[in-house]
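Q: Please find one structure pasted underneath; my questions will follow.
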Amino acid sequence: MPAAPLTLALLAATGCESTREAGPQPVPGPSGAVARVCDEPAAGPVKAPAGAVTVSPAVAGDLAAKTRSSPPRTTFWLAPGRHTLTRDRYAQVVPKEGNRYLGAPGAVLDGGEINQYAFGGPARDVTIRHLTVEHFVAPHNEGVVNHDSADGWVIEHSTIQHNSGAGLMAGDRQQVRATCLRGNGQYGMNAYKAGGGISGLVVEGNEIVGNNADDWERRRPGCGCSGGVKFWAVDGADVRGNRVHDNRGPGLWADTNNNDFRIEDNVLEANDGAALIYETSYNAVIRRNMIRRNNWVEGRRHAERGDSFPFATVYVSESGGEPRVRARTDHIEIHHNVLENNWSGITLWENADRFCNSPANTSSGACTLLVRDVDRCVQPGIATAPLRSDCRWKTQRVDIHHNRFVLDTSVVDCSVSCGRMALLANYGTYPDWSPYQGERVAEAITLEQGNRWRDNVYVGPWTFVAHDASRTLDVGQWRGGPYRQDVGSVFRPRGGGPA
């Protein structure tokens, strides 16, 4: 894909085969340049800026030692070459507030498969630019750069690659721009802060590729601990203009009490799993993204096992719009995206057995943002208002419109289960004190919680799942009562390749 603005016009049609322009308006793709920073990194300063401390690659541990001996807000210039720390697994650079680290062309900080962390500590407002950080061995769920999730860090024009764990952690107001997060063992970035959440995160213009190289879902089945970027309890994030591709597992995964996300103008491409998972979270705008060739590995694997669940490329799980949680929107709005030749499309899902204090809640110990005291979500209170509503994450107020969904089964190499949209829940059974047993949640997500598709364009042989995984619908059933989805949408079932 060229690194230039993309404009992808939709063919609007009045019926299955008509080409006369009508119906939904054209859909633009990403409006900015597509990040290709791994192969074309911006060069750093060729000589030390005035007043900067020069760091020599010939002296092991020189960067850490000069950081210790210099005052806050010092600028360090790493000369060309391979910089190392001392041969102690816990040796690391501990910045002071306001420090700046600038790499010359060819400057690399190498952990030598010995050091666990590159940059850590609590200092605020640290800047790292034009530096390659590689071969560190952070433990599972920990990170190499900003290991302690300090606030206000800026990471720009850098390459963080081939490390164990996460290449990068995140703190409040962190900005990650024009950076290559490549081939890290678990995540490119783990946006997680122990003991609290993160606010004001910016992830812009990065290339996020080949992460989860250690295949953690195979090592720990069901861990939910892999992908390009994982977000945990982030309140306010702008994720824009990134190229997220070829990651093992999902590309972007927002998991547990995230809120107020804008995910826009990205290219999400060829990730083994979903391009995007938005799980047990709130209020987001997902727009103008090019989403193509995702979920081929994981979607096919589940289908070959006979699993009927509609594993999708955009997976909204127990997440929705909530006006009581302050954000820039009170919906999840998915619009003006192009989804092309992925394994299935968008699934809206709600697990009837997952709620605060349920053993089926995989976000152990967490509760919704509407109930601060998880101990309140027990019988008898949970059986009545307001706790009956507030103790569960809801897939509600999701508006999916003006998108283009293209499926050519000859490209995806599939014949069944790869062209589905879904709106469903399971039959509630667990635990025995749950007030959500039976079909109550399936009825609510399908008919009562304001979830809707409208004004989209479909090219190819799409089918639809509603209420539960056993209920597969054709276009007419999906658009008819009681579901009445995709009002104003147009369908070209033979336009995407052989059915």
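Residues in the structure tokens are numbered from 1 in each chain, the chains being A, B, ... in the order shown, and ligands are numbered from 1 in the order shown.
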If we count only C-alpha atoms and set the cut-off at 6 Å, which residues sit around segment 187-201 of chain A, ignoring sequence neighbours fewer than 5 positions away in its own chain? Please answer as a list of chain:residue names.
A: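 Near neighbours after the sequence-gap exclusion: A:Ser149, A:Ala166, A:Gly167, A:Leu168, A:Met169, A:Ala170, A:Gly171, A:Asp172, A:Arg173, A:Gln174, A:Leu181, A:Asn211, A:Asn212, A:Ser226, A:Gly227, A:Gly228, A:Val229, A:Lys230, A:Phe231, A:Trp232, A:Ala233, A:Val234, A:Asp235, A:Gly236, A:Ala237.
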Q: Apply DSSP to the backbone of this structure and, from segment 240-377 of chain A, keep only the residues in alpha helix (DSSP H); write these as a list in words.
A: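 Matching residues for alpha helix (DSSP H) in segment 240-377 of chain A are Trp296, Val297, Glu298, Gly299, Arg300, Arg301, His302, Ala303 and Glu304 of chain A.
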Q: Can I get the selected residues back with N, CA, C and O atoms, as a PDB file, in the first residue's frame?
A:
```
ATOM      1  N   TRP A 296      -7.410 -14.717   9.183  1.00  0.00           N
ATOM      2  CA  TRP A 296      -7.371 -15.915   8.355  1.00  0.00           C
ATOM      3  C   TRP A 296      -6.904 -17.133   9.148  1.00  0.00           C
ATOM      4  O   TRP A 296      -7.389 -18.246   8.931  1.00  0.00           O
ATOM      5  N   VAL A 297      -5.948 -16.944  10.042  1.00  0.00           N
ATOM      6  CA  VAL A 297      -5.385 -18.088  10.781  1.00  0.00           C
ATOM      7  C   VAL A 297      -6.346 -18.552  11.872  1.00  0.00           C
ATOM      8  O   VAL A 297      -6.744 -19.716  11.927  1.00  0.00           O
ATOM      9  N   GLU A 298      -6.756 -17.630  12.743  1.00  0.00           N
ATOM     10  CA  GLU A 298      -7.594 -18.030  13.874  1.00  0.00           C
ATOM     11  C   GLU A 298      -9.023 -18.361  13.432  1.00  0.00           C
ATOM     12  O   GLU A 298      -9.626 -19.312  13.931  1.00  0.00           O
ATOM     13  N   GLY A 299      -9.573 -17.590  12.517  1.00  0.00           N
ATOM     14  CA  GLY A 299     -10.912 -17.898  12.037  1.00  0.00           C
ATOM     15  C   GLY A 299     -10.987 -19.260  11.380  1.00  0.00           C
ATOM     16  O   GLY A 299     -11.911 -20.050  11.646  1.00  0.00           O
ATOM     17  N   ARG A 300     -10.004 -19.565  10.546  1.00  0.00           N
ATOM     18  CA  ARG A 300      -9.989 -20.868   9.872  1.00  0.00           C
ATOM     19  C   ARG A 300      -9.789 -21.998  10.883  1.00  0.00           C
ATOM     20  O   ARG A 300     -10.401 -23.061  10.788  1.00  0.00           O
ATOM     21  N   ARG A 301      -8.941 -21.766  11.869  1.00  0.00           N
ATOM     22  CA  ARG A 301      -8.685 -22.807  12.868  1.00  0.00           C
ATOM     23  C   ARG A 301      -9.964 -23.177  13.614  1.00  0.00           C
ATOM     24  O   ARG A 301     -10.275 -24.361  13.796  1.00  0.00           O
ATOM     25  N   HIS A 302     -10.726 -22.185  14.021  1.00  0.00           N
ATOM     26  CA  HIS A 302     -11.975 -22.470  14.728  1.00  0.00           C
ATOM     27  C   HIS A 302     -12.983 -23.169  13.819  1.00  0.00           C
ATOM     28  O   HIS A 302     -13.687 -24.089  14.250  1.00  0.00           O
ATOM     29  N   ALA A 303     -13.067 -22.720  12.568  1.00  0.00           N
ATOM     30  CA  ALA A 303     -14.015 -23.344  11.642  1.00  0.00           C
ATOM     31  C   ALA A 303     -13.664 -24.808  11.392  1.00  0.00           C
ATOM     32  O   ALA A 303     -14.541 -25.678  11.341  1.00  0.00           O
ATOM     33  N   GLU A 304     -12.376 -25.094  11.243  1.00  0.00           N
ATOM     34  CA  GLU A 304     -11.962 -26.474  10.992  1.00  0.00           C
ATOM     35  C   GLU A 304     -12.205 -27.377  12.192  1.00  0.00           C
ATOM     36  O   GLU A 304     -12.312 -28.602  12.043  1.00  0.00           O
TER      37      GLU A 304
END
```
Q: As an MDAnalysis selection string, which residues of segment 84-245 of chain A does DSSP assign to strand (DSSP E)?
A: chainID A and resid 84 100:103 107:110 127:129 132:134 143:145 154:156 159:161 166:169 175:177 180:182 187:191 198:204 207:209 227:231 234:240 243:245
Q: Could you take the residues named above and write them with C-alpha atoms, as a PDB file, in the first residue's frame?
A:
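Result written to result_34.pdb:
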```
ATOM      1  CA  THR A  84      25.187  -1.896  26.101  1.00  0.00           C
ATOM      2  CA  ARG A 100      15.830  13.476  26.651  1.00  0.00           C
ATOM      3  CA  TYR A 101      17.579  10.608  24.869  1.00  0.00           C
ATOM      4  CA  LEU A 102      18.494  11.175  21.225  1.00  0.00           C
ATOM      5  CA  GLY A 103      20.095   8.547  19.027  1.00  0.00           C
ATOM      6  CA  ALA A 107      22.642   4.189  17.557  1.00  0.00           C
ATOM      7  CA  VAL A 108      21.358   0.958  19.132  1.00  0.00           C
ATOM      8  CA  LEU A 109      20.782   0.077  22.784  1.00  0.00           C
ATOM      9  CA  ASP A 110      21.245  -3.700  22.936  1.00  0.00           C
ATOM     10  CA  THR A 127      11.626  11.714  25.720  1.00  0.00           C
ATOM     11  CA  ILE A 128      13.249   9.005  23.578  1.00  0.00           C
ATOM     12  CA  ARG A 129      13.889   9.758  19.908  1.00  0.00           C
ATOM     13  CA  THR A 132      16.772   1.417  18.375  1.00  0.00           C
ATOM     14  CA  VAL A 133      16.155  -0.741  21.475  1.00  0.00           C
ATOM     15  CA  GLU A 134      16.512  -4.482  20.983  1.00  0.00           C
ATOM     16  CA  GLY A 143       7.910  -4.233  29.188  1.00  0.00           C
ATOM     17  CA  VAL A 144      11.321  -3.007  28.082  1.00  0.00           C
ATOM     18  CA  VAL A 145      10.842   0.756  27.559  1.00  0.00           C
ATOM     19  CA  VAL A 154       7.236  10.686  24.439  1.00  0.00           C
ATOM     20  CA  ILE A 155       8.653   7.975  22.176  1.00  0.00           C
ATOM     21  CA  GLU A 156       9.201   9.128  18.596  1.00  0.00           C
ATOM     22  CA  THR A 159      12.587   1.205  16.755  1.00  0.00           C
ATOM     23  CA  ILE A 160      11.740  -1.186  19.585  1.00  0.00           C
ATOM     24  CA  GLN A 161      12.210  -4.704  18.294  1.00  0.00           C
ATOM     25  CA  ALA A 166       6.287  -6.085  25.607  1.00  0.00           C
ATOM     26  CA  GLY A 167       8.486  -3.678  23.744  1.00  0.00           C
ATOM     27  CA  LEU A 168       6.856  -0.738  25.474  1.00  0.00           C
ATOM     28  CA  MET A 169       4.657   0.012  28.487  1.00  0.00           C
ATOM     29  CA  GLN A 175       2.720   9.758  23.126  1.00  0.00           C
ATOM     30  CA  VAL A 176       4.071   7.106  20.788  1.00  0.00           C
ATOM     31  CA  ARG A 177       4.644   8.462  17.305  1.00  0.00           C
ATOM     32  CA  CYS A 180       8.491   0.795  14.772  1.00  0.00           C
ATOM     33  CA  LEU A 181       7.252  -1.834  17.260  1.00  0.00           C
ATOM     34  CA  ARG A 182       8.433  -5.019  15.594  1.00  0.00           C
ATOM     35  CA  TYR A 187       3.130  -7.194  22.648  1.00  0.00           C
ATOM     36  CA  GLY A 188       4.453  -4.269  20.715  1.00  0.00           C
ATOM     37  CA  MET A 189       2.983  -2.160  23.530  1.00  0.00           C
ATOM     38  CA  ASN A 190       1.234  -3.142  26.750  1.00  0.00           C
ATOM     39  CA  ALA A 191      -0.793  -0.094  27.802  1.00  0.00           C
ATOM     40  CA  ILE A 198      -4.051   5.426  32.014  1.00  0.00           C
ATOM     41  CA  SER A 199      -5.459   8.597  30.474  1.00  0.00           C
ATOM     42  CA  GLY A 200      -4.649  10.732  27.470  1.00  0.00           C
ATOM     43  CA  LEU A 201      -2.776   8.130  25.399  1.00  0.00           C
ATOM     44  CA  VAL A 202      -1.734   8.935  21.819  1.00  0.00           C
ATOM     45  CA  VAL A 203      -0.590   6.201  19.427  1.00  0.00           C
ATOM     46  CA  GLU A 204      -0.005   7.834  16.052  1.00  0.00           C
ATOM     47  CA  GLU A 207       4.190   0.552  12.368  1.00  0.00           C
ATOM     48  CA  ILE A 208       3.242  -2.355  14.643  1.00  0.00           C
ATOM     49  CA  VAL A 209       4.287  -5.630  13.042  1.00  0.00           C
ATOM     50  CA  GLY A 227      -1.125  -9.185  19.892  1.00  0.00           C
ATOM     51  CA  GLY A 228       0.138  -5.941  18.478  1.00  0.00           C
ATOM     52  CA  VAL A 229      -1.095  -3.632  21.264  1.00  0.00           C
ATOM     53  CA  LYS A 230      -3.103  -4.408  24.409  1.00  0.00           C
ATOM     54  CA  PHE A 231      -4.956  -1.623  26.238  1.00  0.00           C
ATOM     55  CA  VAL A 234      -7.266   3.429  29.340  1.00  0.00           C
ATOM     56  CA  ASP A 235      -9.537   6.464  29.595  1.00  0.00           C
ATOM     57  CA  GLY A 236      -9.069   8.535  26.476  1.00  0.00           C
ATOM     58  CA  ALA A 237      -6.946   7.216  23.601  1.00  0.00           C
ATOM     59  CA  ASP A 238      -6.319   8.426  20.065  1.00  0.00           C
ATOM     60  CA  VAL A 239      -5.067   5.601  17.867  1.00  0.00           C
ATOM     61  CA  ARG A 240      -4.616   7.000  14.393  1.00  0.00           C
ATOM     62  CA  ARG A 243      -0.073   0.383  10.162  1.00  0.00           C
ATOM     63  CA  VAL A 244      -0.820  -2.693  12.290  1.00  0.00           C
ATOM     64  CA  HIS A 245      -0.015  -5.847  10.386  1.00  0.00           C
TER      65      HIS A 245
END
```
Q: For Asp214 of chain A, find every residue with an atom within 12 Å (counting only C-alpha atoms), except residues of its own chain fewer than 4 positions away, and show them as an MDAnalysis selection string.
A: chainID A and resid 137 139:140 162:166 183:187 210 218:220 225:227 247:249
Q: Write out the residues from the selection above, keeping N, CA and C atoms, as a short mmCIF file (atom, residue, chain, number, x, y, z; two decimals), in the first residue's frame.
A:
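Result file result27.cif:
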```cif
data_model
loop_
_atom_site.label_atom_id
_atom_site.label_comp_id
_atom_site.auth_asym_id
_atom_site.auth_seq_id
_atom_site.Cartn_x
_atom_site.Cartn_y
_atom_site.Cartn_z
N VAL A 137 15.08 -8.87 27.55
CA VAL A 137 14.33 -10.08 27.88
C VAL A 137 13.39 -9.81 29.06
N PRO A 139 10.17 -10.09 31.40
CA PRO A 139 9.27 -11.21 31.70
C PRO A 139 7.90 -11.01 31.09
N HIS A 140 7.13 -12.08 31.11
CA HIS A 140 5.75 -12.07 30.62
C HIS A 140 4.95 -10.95 31.27
N HIS A 162 12.40 -7.06 18.68
CA HIS A 162 13.04 -8.33 19.02
C HIS A 162 13.38 -8.42 20.50
N ASN A 163 12.45 -7.97 21.33
CA ASN A 163 12.56 -8.11 22.77
C ASN A 163 11.55 -9.14 23.26
N SER A 164 11.80 -9.72 24.43
CA SER A 164 10.79 -10.55 25.08
C SER A 164 9.80 -9.65 25.81
N GLY A 165 8.64 -10.22 26.20
CA GLY A 165 7.62 -9.43 26.85
C GLY A 165 7.09 -8.38 25.89
N ALA A 166 6.77 -7.19 26.42
CA ALA A 166 6.29 -6.08 25.61
C ALA A 166 7.44 -5.14 25.29
N GLY A 183 8.30 -7.39 16.08
CA GLY A 183 8.85 -8.69 16.43
C GLY A 183 9.11 -8.89 17.91
N ASN A 184 8.33 -8.22 18.77
CA ASN A 184 8.51 -8.42 20.20
C ASN A 184 7.78 -9.69 20.65
N GLY A 185 8.25 -10.28 21.75
CA GLY A 185 7.80 -11.61 22.11
C GLY A 185 6.34 -11.70 22.50
N GLN A 186 5.80 -10.63 23.14
CA GLN A 186 4.41 -10.67 23.57
C GLN A 186 3.61 -9.57 22.89
N TYR A 187 3.82 -8.33 23.26
CA TYR A 187 3.13 -7.19 22.65
C TYR A 187 4.14 -6.21 22.07
N GLY A 210 4.44 -7.99 13.50
CA GLY A 210 5.11 -9.23 13.86
C GLY A 210 5.26 -9.47 15.34
N ARG A 218 -0.44 -20.08 22.46
CA ARG A 218 -0.11 -21.51 22.40
C ARG A 218 0.54 -21.96 23.71
N ARG A 219 1.39 -21.12 24.26
CA ARG A 219 2.09 -21.47 25.50
C ARG A 219 1.14 -21.48 26.70
N ARG A 220 0.18 -20.56 26.69
CA ARG A 220 -0.81 -20.48 27.77
C ARG A 220 -2.20 -20.34 27.14
N CYS A 225 -3.42 -12.86 26.08
CA CYS A 225 -2.23 -12.07 26.43
C CYS A 225 -1.31 -11.90 25.22
N SER A 226 -1.88 -11.52 24.08
CA SER A 226 -1.04 -11.46 22.90
C SER A 226 -1.56 -10.41 21.93
N GLY A 227 -0.70 -10.05 20.97
CA GLY A 227 -1.12 -9.19 19.89
C GLY A 227 -0.20 -8.01 19.66
N ASN A 247 0.70 -9.37 12.87
CA ASN A 247 0.90 -9.77 14.26
C ASN A 247 0.29 -11.14 14.49
N ARG A 248 0.90 -11.92 15.35
CA ARG A 248 0.34 -13.22 15.72
C ARG A 248 -0.72 -12.97 16.78
N GLY A 249 -1.97 -13.29 16.47
CA GLY A 249 -3.08 -12.92 17.34
C GLY A 249 -3.73 -11.64 16.82
#
```
Q: Just to confirm, what's the straight-line distance from atom CA of His331 of chain A to atom CA of Thr347 of chain A in Å (one decimal)?
A: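 Separation between atom CA of His331 of chain A and atom CA of Thr347 of chain A: 16.1 Å.
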Q: What is the atom CA of Gly205 of chain A to atom CA of Val126 of chain A distance in Å?
A: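 It comes out at 19.6 Å.
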Q: Kindly provide the residues of segment 311-337 of chain A that approach segment 410-425 of chain A to within 10 Å, each paired with its closest atom pair and their distance in Å to one decimal, based on only C-alpha atoms, listed by chain and increasing number, as JSON lines.
A:
```
{"residue": "A:Phe311", "atom": "CA", "partner": "A:Arg420", "partner_atom": "CA", "distance": 8.7}
{"residue": "A:Ala312", "atom": "CA", "partner": "A:Arg420", "partner_atom": "CA", "distance": 7.7}
{"residue": "A:Thr313", "atom": "CA", "partner": "A:Met421", "partner_atom": "CA", "distance": 9.9}
{"residue": "A:Val314", "atom": "CA", "partner": "A:Met421", "partner_atom": "CA", "distance": 9.8}
{"residue": "A:Tyr315", "atom": "CA", "partner": "A:Ala422", "partner_atom": "CA", "distance": 9.6}
{"residue": "A:Val316", "atom": "CA", "partner": "A:Leu423", "partner_atom": "CA", "distance": 9.7}
{"residue": "A:Ser317", "atom": "CA", "partner": "A:Ala425", "partner_atom": "CA", "distance": 9.8}
{"residue": "A:Glu318", "atom": "CA", "partner": "A:Ala425", "partner_atom": "CA", "distance": 9.6}
```
Q: Could you take the residues named above and write them with N, CA and C atoms, as an mmCIF file, in the first residue's frame?
A:
```cif
data_model
loop_
_atom_site.group_PDB
_atom_site.id
_atom_site.type_symbol
_atom_site.label_atom_id
_atom_site.label_comp_id
_atom_site.auth_asym_id
_atom_site.auth_seq_id
_atom_site.Cartn_x
_atom_site.Cartn_y
_atom_site.Cartn_z
ATOM 1 N N PHE A 311 -16.467 -15.983 14.918
ATOM 2 C CA PHE A 311 -15.244 -15.240 15.214
ATOM 3 C C PHE A 311 -15.022 -14.215 14.110
ATOM 4 N N ALA A 312 -14.848 -12.962 14.503
ATOM 5 C CA ALA A 312 -14.912 -11.870 13.533
ATOM 6 C C ALA A 312 -13.617 -11.073 13.497
ATOM 7 N N THR A 313 -13.528 -10.231 12.483
ATOM 8 C CA THR A 313 -12.374 -9.354 12.333
ATOM 9 C C THR A 313 -12.475 -8.118 13.207
ATOM 10 N N VAL A 314 -13.659 -7.605 13.418
ATOM 11 C CA VAL A 314 -13.910 -6.564 14.426
ATOM 12 C C VAL A 314 -14.863 -7.181 15.436
ATOM 13 N N TYR A 315 -14.381 -7.356 16.647
ATOM 14 C CA TYR A 315 -15.094 -8.128 17.667
ATOM 15 C C TYR A 315 -15.398 -7.212 18.847
ATOM 16 N N VAL A 316 -16.669 -6.889 19.015
ATOM 17 C CA VAL A 316 -17.124 -6.043 20.123
ATOM 18 C C VAL A 316 -17.752 -6.968 21.151
ATOM 19 N N SER A 317 -17.093 -7.110 22.277
ATOM 20 C CA SER A 317 -17.476 -8.099 23.279
ATOM 21 C C SER A 317 -17.819 -7.399 24.586
ATOM 22 N N GLU A 318 -19.098 -7.486 24.995
ATOM 23 C CA GLU A 318 -19.553 -6.848 26.237
ATOM 24 C C GLU A 318 -19.103 -5.389 26.314
#
```
Q: At a cut-off of 12 Å, using only C-alpha atoms, what residues contact segment 72-76 of chain A? Leave out same-chain residues fewer than 4 positions from it and give the result as a PyMOL selection string.
A: chain A and resi 45+47-56+62-68+93-104+123-131
Q: Using Å and a single decimal, report how far atom CA of Ile334 of chain A sits from atom CA of Val398 of chain A.
A: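 Pair atom CA of Val398 of chain A / atom CA of Ile334 of chain A returns 7.6 Å.
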Q: Could you name the residues that touch Asp255 of chain A at 7 Å or less, counting only C-alpha atoms, but leaving out those on the same chain fewer than 3 positions away, as a PyMOL selection string?
A: chain A and resi 231-232+258+278-281
Q: Store the residues of this selection in a file with C-alpha atoms, as a tab-separated table (two decimals), in the first residue's frame.
A:
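Result written to part13.tsv:
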```tsv
chain	number	residue	atom	x	y	z
A	231	PHE	CA	-4.96	-1.62	26.24
A	232	TRP	CA	-6.10	-2.00	29.86
A	258	ASN	CA	-11.30	1.17	28.50
A	278	TYR	CA	-13.05	-4.00	21.98
A	279	GLU	CA	-13.89	-5.95	25.14
A	280	THR	CA	-15.72	-5.03	28.38
A	281	SER	CA	-15.19	-1.37	27.53
```
Q: Show me, as a list in words, the residues that have an atom within 8 Å of Ala60 of chain A when counting only C-alpha atoms, minus same-chain residues fewer than 3 positions from it.
A: Pro57, His83, Thr84, Leu85 and Thr86 of chain A
Q: Store the residues picked out above, limited to N, CA, C and O atoms, as a tab-separated table (two decimals), in the first residue's frame.
A:
```tsv
chain	number	residue	atom	x	y	z
A	57	PRO	N	29.43	4.31	22.77
A	57	PRO	CA	29.12	2.87	22.70
A	57	PRO	C	30.29	2.00	23.14
A	57	PRO	O	30.12	0.80	23.39
A	83	HIS	N	25.28	0.30	21.85
A	83	HIS	CA	25.43	0.62	23.27
A	83	HIS	C	24.92	-0.55	24.11
A	83	HIS	O	23.92	-1.19	23.76
A	84	THR	N	25.59	-0.80	25.22
A	84	THR	CA	25.19	-1.90	26.10
A	84	THR	C	25.13	-1.42	27.54
A	84	THR	O	25.68	-0.37	27.90
A	85	LEU	N	24.45	-2.20	28.36
A	85	LEU	CA	24.44	-2.01	29.80
A	85	LEU	C	25.42	-2.99	30.43
A	85	LEU	O	26.04	-3.81	29.74
A	86	THR	N	25.60	-2.93	31.73
A	86	THR	CA	26.43	-3.92	32.39
A	86	THR	C	25.73	-5.28	32.37
A	86	THR	O	24.52	-5.37	32.17
```
Q: Neighbours of segment 325-329 of chain A within 8 Å (only C-alpha atoms; same-chain residues fewer than 5 positions away dropped), as a PDB file with C-alpha atoms, in the first residue's frame?
A:
```
ATOM      1  CA  GLY A 236      -9.069   8.535  26.476  1.00  0.00           C
ATOM      2  CA  ASN A 259     -13.255   4.264  27.504  1.00  0.00           C
ATOM      3  CA  ASP A 260     -13.308   7.108  25.003  1.00  0.00           C
ATOM      4  CA  TYR A 282     -17.102   1.795  26.690  1.00  0.00           C
ATOM      5  CA  ASN A 283     -17.666   4.606  24.187  1.00  0.00           C
ATOM      6  CA  ALA A 284     -15.546   4.551  21.042  1.00  0.00           C
ATOM      7  CA  VAL A 285     -15.406   5.892  17.501  1.00  0.00           C
ATOM      8  CA  LEU A 369     -17.335   1.499  35.686  1.00  0.00           C
ATOM      9  CA  LEU A 370     -20.871   1.943  37.010  1.00  0.00           C
TER      10      LEU A 370
END
```
